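Peer 1: This one is run_18.txt, compact mmCIF, C-alpha atoms.
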```
# COMPACT_ATOMS: atom_id res chain seq x y z
CA MET Z 1 80.43 152.31 80.77
CA LYS Z 2 77.04 152.27 82.49
CA ILE Z 3 74.72 149.89 80.59
CA PHE Z 4 71.03 149.45 81.39
CA ALA Z 5 68.54 147.03 79.86
CA ILE Z 6 65.06 148.27 78.92
CA ILE Z 7 62.36 145.62 78.96
CA PRO Z 8 58.84 146.63 77.84
CA ALA Z 9 56.31 144.30 79.45
CA TYR Z 10 52.57 143.81 79.13
CA ASN Z 11 51.00 140.96 81.14
CA GLU Z 12 54.23 138.96 81.28
CA GLU Z 13 53.95 137.53 84.81
CA THR Z 14 54.79 134.02 83.56
CA THR Z 15 58.15 135.00 82.08
CA ILE Z 16 59.35 138.29 83.56
CA ALA Z 17 61.10 136.81 86.63
CA GLU Z 18 63.19 134.42 84.55
CA VAL Z 19 64.02 137.10 81.97
CA LEU Z 20 65.19 139.46 84.71
CA GLN Z 21 67.21 136.73 86.43
CA HIS Z 22 69.06 136.01 83.18
CA THR Z 23 69.50 139.68 82.20
CA LYS Z 24 70.80 141.26 85.40
CA PRO Z 25 74.27 139.64 85.34
CA PHE Z 26 75.07 141.26 81.98
CA VAL Z 27 74.09 144.90 82.71
CA ASP Z 28 74.45 147.53 85.41
CA GLY Z 29 70.71 147.93 85.84
CA VAL Z 30 67.32 147.08 84.36
CA ILE Z 31 64.31 149.27 83.58
CA VAL Z 32 61.02 147.40 83.22
CA VAL Z 33 58.31 149.46 81.56
CA ASP Z 34 55.02 147.95 82.73
CA ASP Z 35 52.64 148.90 79.94
CA GLY Z 36 49.37 148.92 81.87
CA SER Z 37 49.50 145.24 82.83
CA THR Z 38 46.51 143.77 84.62
CA ASP Z 39 48.49 140.89 86.12
CA ARG Z 40 51.45 140.74 88.56
CA THR Z 41 54.13 141.84 86.06
CA ALA Z 42 55.03 145.06 87.90
CA GLU Z 43 54.94 143.41 91.34
CA ILE Z 44 57.26 140.59 90.24
CA ALA Z 45 59.66 143.06 88.62
CA ARG Z 46 59.84 145.20 91.76
CA THR Z 47 60.54 142.11 93.84
CA ALA Z 48 63.50 141.44 91.55
CA GLY Z 49 64.97 144.80 92.56
CA VAL Z 50 64.87 146.58 89.21
CA VAL Z 51 63.56 150.00 88.19
CA VAL Z 52 59.86 149.74 87.31
CA VAL Z 53 57.95 152.48 85.48
CA SER Z 54 54.25 151.82 84.91
CA HIS Z 55 51.76 153.18 82.39
CA VAL Z 56 48.27 153.61 83.77
CA ILE Z 57 46.82 152.09 80.58
CA ASN Z 58 48.23 149.93 77.81
CA ARG Z 59 49.90 152.36 75.38
CA GLY Z 60 51.91 150.03 73.15
CA LEU Z 61 55.50 149.06 72.41
CA GLY Z 62 56.52 152.42 70.98
CA ALA Z 63 55.27 154.31 74.01
CA SER Z 64 57.00 151.82 76.30
CA ILE Z 65 60.34 152.20 74.56
CA GLY Z 66 59.93 155.98 74.68
CA THR Z 67 59.31 155.79 78.43
CA GLY Z 68 62.31 153.51 78.82
CA PHE Z 69 64.54 155.91 76.89
CA ALA Z 70 63.39 158.89 78.98
CA THR Z 71 64.00 156.97 82.21
CA ALA Z 72 67.48 155.91 81.07
CA GLN Z 73 68.35 159.53 80.26
CA LYS Z 74 67.27 160.60 83.75
CA LEU Z 75 69.54 157.89 85.18
CA ASP Z 76 72.39 159.20 83.00
CA VAL Z 77 73.27 155.84 81.48
CA ASP Z 78 75.89 155.51 78.75
CA ALA Z 79 73.93 152.99 76.68
CA VAL Z 80 70.77 150.90 76.76
CA VAL Z 81 69.87 147.49 75.41
CA THR Z 82 66.22 146.66 74.66
CA LEU Z 83 64.95 143.10 75.12
CA ASP Z 84 61.55 141.45 74.92
CA ALA Z 85 59.90 140.24 78.12
CA ASP Z 86 58.70 136.92 76.68
CA GLY Z 87 62.08 135.17 76.74
CA GLN Z 88 62.70 135.51 73.00
CA HIS Z 89 66.19 136.96 73.49
CA ASP Z 90 69.29 135.50 75.12
CA PRO Z 91 70.80 138.09 77.50
CA ALA Z 92 74.15 136.32 77.19
CA GLU Z 93 74.38 137.95 73.75
CA ILE Z 94 74.31 141.47 75.23
CA GLN Z 95 78.10 141.56 75.15
CA LYS Z 96 77.95 141.57 71.32
CA PHE Z 97 76.05 144.85 71.48
CA ILE Z 98 78.45 146.38 74.00
CA ASP Z 99 81.42 145.36 71.85
CA ALA Z 100 79.85 147.06 68.81
CA ILE Z 101 79.26 150.26 70.79
CA GLU Z 102 82.83 150.26 72.06
CA LYS Z 103 83.95 150.05 68.42
CA GLY Z 104 82.00 153.21 67.56
CA ALA Z 105 78.38 152.22 66.84
CA ASP Z 106 75.56 154.52 67.98
CA VAL Z 107 72.78 152.01 67.24
CA VAL Z 108 73.10 148.22 67.18
CA ILE Z 109 70.42 145.91 65.78
CA GLY Z 110 70.40 142.21 66.66
CA SER Z 111 69.74 140.35 63.42
CA ARG Z 112 68.27 136.87 63.18
CA MET Z 113 68.85 137.01 59.42
CA LEU Z 114 72.62 136.92 59.99
CA THR Z 115 72.20 133.49 61.56
CA GLY Z 116 69.83 132.32 58.84
CA PHE Z 117 66.59 132.80 60.82
CA VAL Z 118 67.27 129.37 62.36
CA GLY Z 119 64.24 128.21 64.34
CA MET Z 120 61.94 130.93 63.01
CA PRO Z 121 58.61 129.78 61.50
CA TRP Z 122 58.27 130.47 57.79
CA TYR Z 123 55.44 133.00 58.23
CA ARG Z 124 57.59 134.99 60.66
CA ARG Z 125 60.39 135.01 58.08
CA VAL Z 126 58.02 136.40 55.47
CA ALA Z 127 56.81 139.08 57.90
CA GLN Z 128 60.40 140.07 58.70
CA ILE Z 129 61.35 140.38 55.04
CA LEU Z 130 58.25 142.49 54.34
CA GLY Z 131 59.13 144.67 57.31
CA ASN Z 132 62.63 145.17 55.91
CA LEU Z 133 61.23 146.17 52.51
CA VAL Z 134 58.69 148.59 54.00
CA THR Z 135 61.39 150.21 56.14
CA PHE Z 136 63.62 150.61 53.10
CA PHE Z 137 61.01 151.97 50.70
CA LEU Z 138 59.52 154.40 53.22
CA PHE Z 139 62.68 155.63 54.89
CA GLY Z 140 65.57 154.58 52.65
CA ALA Z 141 67.16 152.61 55.48
CA TRP Z 142 68.16 148.98 54.92
CA VAL Z 143 68.86 146.46 57.64
CA THR Z 144 68.47 142.68 57.55
CA ASP Z 145 66.15 142.45 60.57
CA SER Z 146 64.17 145.67 60.92
CA GLN Z 147 61.63 144.19 63.33
CA SER Z 148 64.13 142.89 65.87
CA GLY Z 149 63.39 143.84 69.45
CA PHE Z 150 66.98 143.19 70.56
CA ARG Z 151 68.79 146.52 70.06
CA ALA Z 152 71.26 148.88 71.70
CA PHE Z 153 71.56 152.67 71.73
CA THR Z 154 74.20 155.02 73.08
CA LYS Z 155 73.47 158.09 75.19
CA PHE Z 156 74.18 160.17 72.09
CA ALA Z 157 71.59 158.22 70.08
CA LEU Z 158 68.99 158.58 72.84
CA GLY Z 159 69.42 162.34 72.66
CA LYS Z 160 68.76 162.36 68.92
CA ILE Z 161 65.97 159.82 68.38
CA GLN Z 162 62.39 161.12 68.50
CA ILE Z 163 59.72 158.44 68.92
CA LYS Z 164 56.34 159.56 67.62
CA THR Z 165 54.60 156.20 67.22
CA ASN Z 166 53.05 154.23 70.04
CA ARG Z 167 52.90 150.64 68.92
CA MET Z 168 54.68 148.01 66.81
CA GLU Z 169 55.65 150.48 64.09
CA VAL Z 170 58.36 151.78 66.44
CA SER Z 171 60.76 149.09 65.19
CA SER Z 172 60.93 150.66 61.73
CA GLU Z 173 60.77 154.17 63.19
CA LEU Z 174 63.93 153.62 65.25
CA ILE Z 175 65.85 152.63 62.13
CA ALA Z 176 64.43 155.61 60.24
CA GLU Z 177 65.53 157.92 63.04
CA ALA Z 178 69.03 156.45 63.00
CA LYS Z 179 69.29 157.21 59.30
CA ARG Z 180 67.76 160.68 59.63
CA HIS Z 181 70.33 161.68 62.24
CA LYS Z 182 73.21 159.90 60.47
CA LEU Z 183 73.84 157.68 63.48
CA ALA Z 184 76.38 154.89 63.07
CA LEU Z 185 74.23 151.73 62.81
CA VAL Z 186 75.56 148.18 62.74
CA GLU Z 187 74.00 144.74 63.02
CA VAL Z 188 75.19 141.80 65.08
CA PRO Z 189 74.01 138.19 64.68
CA ILE Z 190 71.61 136.85 67.30
CA LYS Z 191 69.76 133.58 67.61
CA ALA Z 192 66.00 133.34 67.43
CA ILE Z 193 64.42 131.70 70.47
CA TYR Z 194 60.79 130.74 69.93
CA THR Z 195 58.29 129.05 72.20
CA ASP Z 196 54.54 128.64 71.82
CA TYR Z 197 54.22 131.49 74.29
CA SER Z 198 56.47 133.94 72.44
CA LEU Z 199 54.88 133.07 69.10
CA SER Z 200 51.47 133.91 70.53
CA LYS Z 201 52.68 137.49 71.05
CA GLY Z 202 53.14 138.24 67.35
CA GLN Z 203 51.17 140.63 65.16
CA SER Z 204 48.09 139.45 63.30
CA PHE Z 205 47.61 140.25 59.61
CA PHE Z 206 45.25 143.12 60.39
CA VAL Z 207 47.59 144.58 63.01
CA GLY Z 208 50.33 144.39 60.38
CA ILE Z 209 48.22 146.45 57.97
CA LYS Z 210 47.55 149.05 60.67
CA THR Z 211 51.26 149.18 61.39
CA LEU Z 212 52.01 149.81 57.72
CA LEU Z 213 49.49 152.65 57.54
CA LYS Z 214 50.96 154.28 60.63
CA LEU Z 215 54.43 154.06 59.12
CA VAL Z 216 53.19 155.79 55.98
CA LEU Z 217 51.79 158.59 58.14
CA ARG Z 218 55.07 158.73 60.05
CA ARG Z 219 56.94 159.12 56.78
CA ILE Z 220 54.63 161.91 55.61
CA SER Z 221 55.15 163.78 58.89
CA GLN Z 222 58.93 163.88 58.54
```
As C-alpha cells, how would this structure be written, given the file I've shared?

Peer 2:
Amino acid sequence: MKIFAIIPAYNEETTIAEVLQHTKPFVDGVIVVDDGSTDRTAEIARTAGVVVVSHVINRGLGASIGTGFATAQKLDVDAVVTLDADGQHDPAEIQKFIDAIEKGADVVIGSRMLTGFVGMPWYRRVAQILGNLVTFFLFGAWVTDSQSGFRAFTKFALGKIQIKTNRMEVSSELIAEAKRHKLALVEVPIKAIYTDYSLSKGQSFFVGIKTLLKLVLRRISQ
C-alpha cells in the first residue's frame, strides 16, 4: 500500500526540517503544501527531497488540504495521512492509522480525547469540546476530537470528499463529508504534543467565531 503524508505549512521554517526527518521513515512519500509562506519553508522542504506544492498567496488550511488531496490523487497513492508542520504530532503513531485502514476504515481521526487530552491546556480542551458539539449539531456527525489535524484517508475517500472551505473550518467539514458519503470512520488514540511554538498557532476567539459562521454557511449549502 502506497502511503503519503500531507503536511500543510505556512511560515514553518523553524520546524519543518525536523518534522520531515521524523515523518519520512513511516511513509512512502511526503507532500508539503507551502501555503504562501514568506520564509524558507518551501526551500527547506525541497532540500529534504519531498514533493512541494506552493500557493502563491496564503489561502488557509482547508485550501492546503484540498491541494494536498489533489496532488496525492495525481500521484495515485492508496492513502494519505495529514500532519501539522509545527511538531504537534508524533509520526511514529502513523502505523495506528495504517492499521485502521487495513482493517477497513476509509477515514481515521487521531483523537487526543481517547488519551484523556494529557498535556493539553484547559482552554484548548474547551475549544475541542465546543468543536465536537458544533460538528455534531450542524452535521449530525460525532467524533471525540473533531479538530484533530492528524488524520488518514483512503484513495476511495479522497474521491468522495469535496472540500469547499478554505480555512480552519475544514476540520469539521471533513467529518461532515465522511458522514454524507457514508464512509467508514474510526478514531485512534494519539498523544498531544504541545510547545510554546505550537500553542502560538491556535485560533483566537474571533477566528473561532468566524469559523463557526463559515460552518453554518457550509451546512446551508449542502

Peer 1: Return the single residue from Z:Asp35, Z:Glu12, Z:Glu102, Z:Asp145 that is closest to Gly68 of chain Z, with distances computed using all atoms listed in the file.

Peer 2: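 Smallest separation from Gly68 of chain Z among the options: Z:Asp35.
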
Peer 1: To one decimal place in Å, what is the distance between atom CA of Pro91 of chain Z and atom CA of Thr23 of chain Z?

Peer 2: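 That distance, rounded to one decimal, is 5.1 Å.
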
Peer 1: For Pro189 of chain Z, list every protein, DNA or RNA residue within 7 Å, evaluated using all atoms listed in the file, and leave out those in the same chain fewer than 5 positions away; present the list as a VMD selection string.

Peer 2: chain Z and resid 110 to 112 114 to 115

Peer 1: Report, in Å with one decimal, the straight-line distance from atom CA of Asp84 of chain Z to atom CA of Ile109 of chain Z.

Peer 2: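 One can read the atom CA of Asp84 of chain Z to atom CA of Ile109 of chain Z distance as 13.5 Å.
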
Peer 1: Could I get the residues of segment 51-101 of chain Z with an atom no further than 8 Å from an atom of segment 152-155 of chain Z, each paired with its nearest atom pair and that distance in Å to one decimal, using all atoms listed in the file, sorted by chain and residue number, as a tab-separated table?

Peer 2:
```
residue	atom	partner	partner_atom	distance
Z:Gln73	CA	Z:Lys155	CA	7.3
Z:Asp76	CA	Z:Lys155	CA	8.0
Z:Val77	CA	Z:Lys155	CA	6.7
Z:Asp78	CA	Z:Lys155	CA	5.0
Z:Ala79	CA	Z:Thr154	CA	4.1
Z:Val80	CA	Z:Phe153	CA	5.4
Z:Val81	CA	Z:Ala152	CA	4.2
Z:Thr82	CA	Z:Ala152	CA	6.3
Z:Phe97	CA	Z:Ala152	CA	6.3
Z:Ile98	CA	Z:Ala152	CA	8.0
Z:Ile101	CA	Z:Thr154	CA	7.3
```

Peer 1: Please compute the atom CA of His22 of chain Z-atom CA of Glu43 of chain Z distance, one decimal, in Å.

Peer 2: 17.9 Å

Peer 1: Since the input lacks some atoms of segment 158-190 of chain Z, please model N, CA and C atoms and print them as a compact mmCIF listing (two decimals), in the coordinates of the input.

Peer 2:
```
# COMPACT_ATOMS: atom_id res chain seq x y z
N LEU Z 158 70.21 158.29 72.09
CA LEU Z 158 68.99 158.58 72.84
C LEU Z 158 68.64 160.07 72.77
N GLY Z 159 69.66 160.90 72.72
CA GLY Z 159 69.42 162.34 72.66
C GLY Z 159 68.94 162.81 71.30
N LYS Z 160 69.14 162.00 70.27
CA LYS Z 160 68.76 162.36 68.92
C LYS Z 160 67.41 161.78 68.48
N ILE Z 161 67.15 160.54 68.87
CA ILE Z 161 65.97 159.82 68.38
C ILE Z 161 64.68 160.40 68.96
N GLN Z 162 63.71 160.64 68.09
CA GLN Z 162 62.39 161.12 68.50
C GLN Z 162 61.35 160.07 68.14
N ILE Z 163 60.75 159.46 69.15
CA ILE Z 163 59.72 158.44 68.92
C ILE Z 163 58.35 159.10 68.90
N LYS Z 164 57.67 158.97 67.77
CA LYS Z 164 56.34 159.56 67.62
C LYS Z 164 55.23 158.53 67.52
N THR Z 165 55.61 157.27 67.34
CA THR Z 165 54.60 156.20 67.22
C THR Z 165 54.47 155.47 68.54
N ASN Z 166 53.31 154.88 68.76
CA ASN Z 166 53.05 154.23 70.04
C ASN Z 166 53.16 152.72 70.04
N ARG Z 167 53.02 152.10 68.87
CA ARG Z 167 52.90 150.64 68.92
C ARG Z 167 53.99 149.94 68.11
N MET Z 168 53.66 148.85 67.42
CA MET Z 168 54.68 148.01 66.81
C MET Z 168 55.49 148.71 65.73
N GLU Z 169 54.94 149.78 65.16
CA GLU Z 169 55.65 150.48 64.09
C GLU Z 169 56.95 151.14 64.58
N VAL Z 170 57.15 151.16 65.89
CA VAL Z 170 58.36 151.78 66.44
C VAL Z 170 59.63 151.09 65.95
N SER Z 171 59.56 149.80 65.63
CA SER Z 171 60.76 149.09 65.19
C SER Z 171 61.34 149.72 63.93
N SER Z 172 60.48 149.99 62.96
CA SER Z 172 60.93 150.66 61.73
C SER Z 172 61.28 152.11 62.00
N GLU Z 173 60.53 152.76 62.89
CA GLU Z 173 60.77 154.17 63.19
C GLU Z 173 62.16 154.38 63.79
N LEU Z 174 62.61 153.49 64.64
CA LEU Z 174 63.93 153.62 65.25
C LEU Z 174 65.04 153.59 64.20
N ILE Z 175 64.87 152.73 63.21
CA ILE Z 175 65.85 152.63 62.13
C ILE Z 175 65.80 153.89 61.27
N ALA Z 176 64.58 154.37 61.01
CA ALA Z 176 64.43 155.61 60.24
C ALA Z 176 65.08 156.78 60.95
N GLU Z 177 64.93 156.84 62.26
CA GLU Z 177 65.53 157.92 63.04
C GLU Z 177 67.06 157.83 63.02
N ALA Z 178 67.58 156.62 63.06
CA ALA Z 178 69.03 156.45 63.00
C ALA Z 178 69.57 156.98 61.69
N LYS Z 179 68.85 156.71 60.60
CA LYS Z 179 69.29 157.21 59.30
C LYS Z 179 69.14 158.72 59.22
N ARG Z 180 68.03 159.24 59.72
CA ARG Z 180 67.76 160.68 59.63
C ARG Z 180 68.83 161.49 60.34
N HIS Z 181 69.33 160.96 61.45
CA HIS Z 181 70.33 161.68 62.24
C HIS Z 181 71.76 161.23 61.94
N LYS Z 182 71.88 160.38 60.89
CA LYS Z 182 73.21 159.90 60.47
C LYS Z 182 73.96 159.22 61.62
N LEU Z 183 73.22 158.43 62.40
CA LEU Z 183 73.84 157.68 63.48
C LEU Z 183 74.54 156.45 62.91
N ALA Z 184 75.64 156.07 63.51
CA ALA Z 184 76.38 154.89 63.07
C ALA Z 184 75.62 153.63 63.50
N LEU Z 185 75.05 152.91 62.53
CA LEU Z 185 74.23 151.73 62.81
C LEU Z 185 74.93 150.48 62.29
N VAL Z 186 75.01 149.48 63.14
CA VAL Z 186 75.56 148.18 62.74
C VAL Z 186 74.62 147.08 63.20
N GLU Z 187 74.77 145.91 62.61
CA GLU Z 187 74.00 144.74 63.02
C GLU Z 187 74.94 143.67 63.57
N VAL Z 188 74.44 142.94 64.54
CA VAL Z 188 75.19 141.80 65.08
C VAL Z 188 74.29 140.57 65.00
N PRO Z 189 74.84 139.39 64.78
CA PRO Z 189 74.01 138.19 64.68
C PRO Z 189 73.49 137.76 66.04
N ILE Z 190 72.21 137.41 66.09
CA ILE Z 190 71.61 136.85 67.30
C ILE Z 190 70.81 135.62 66.93
```
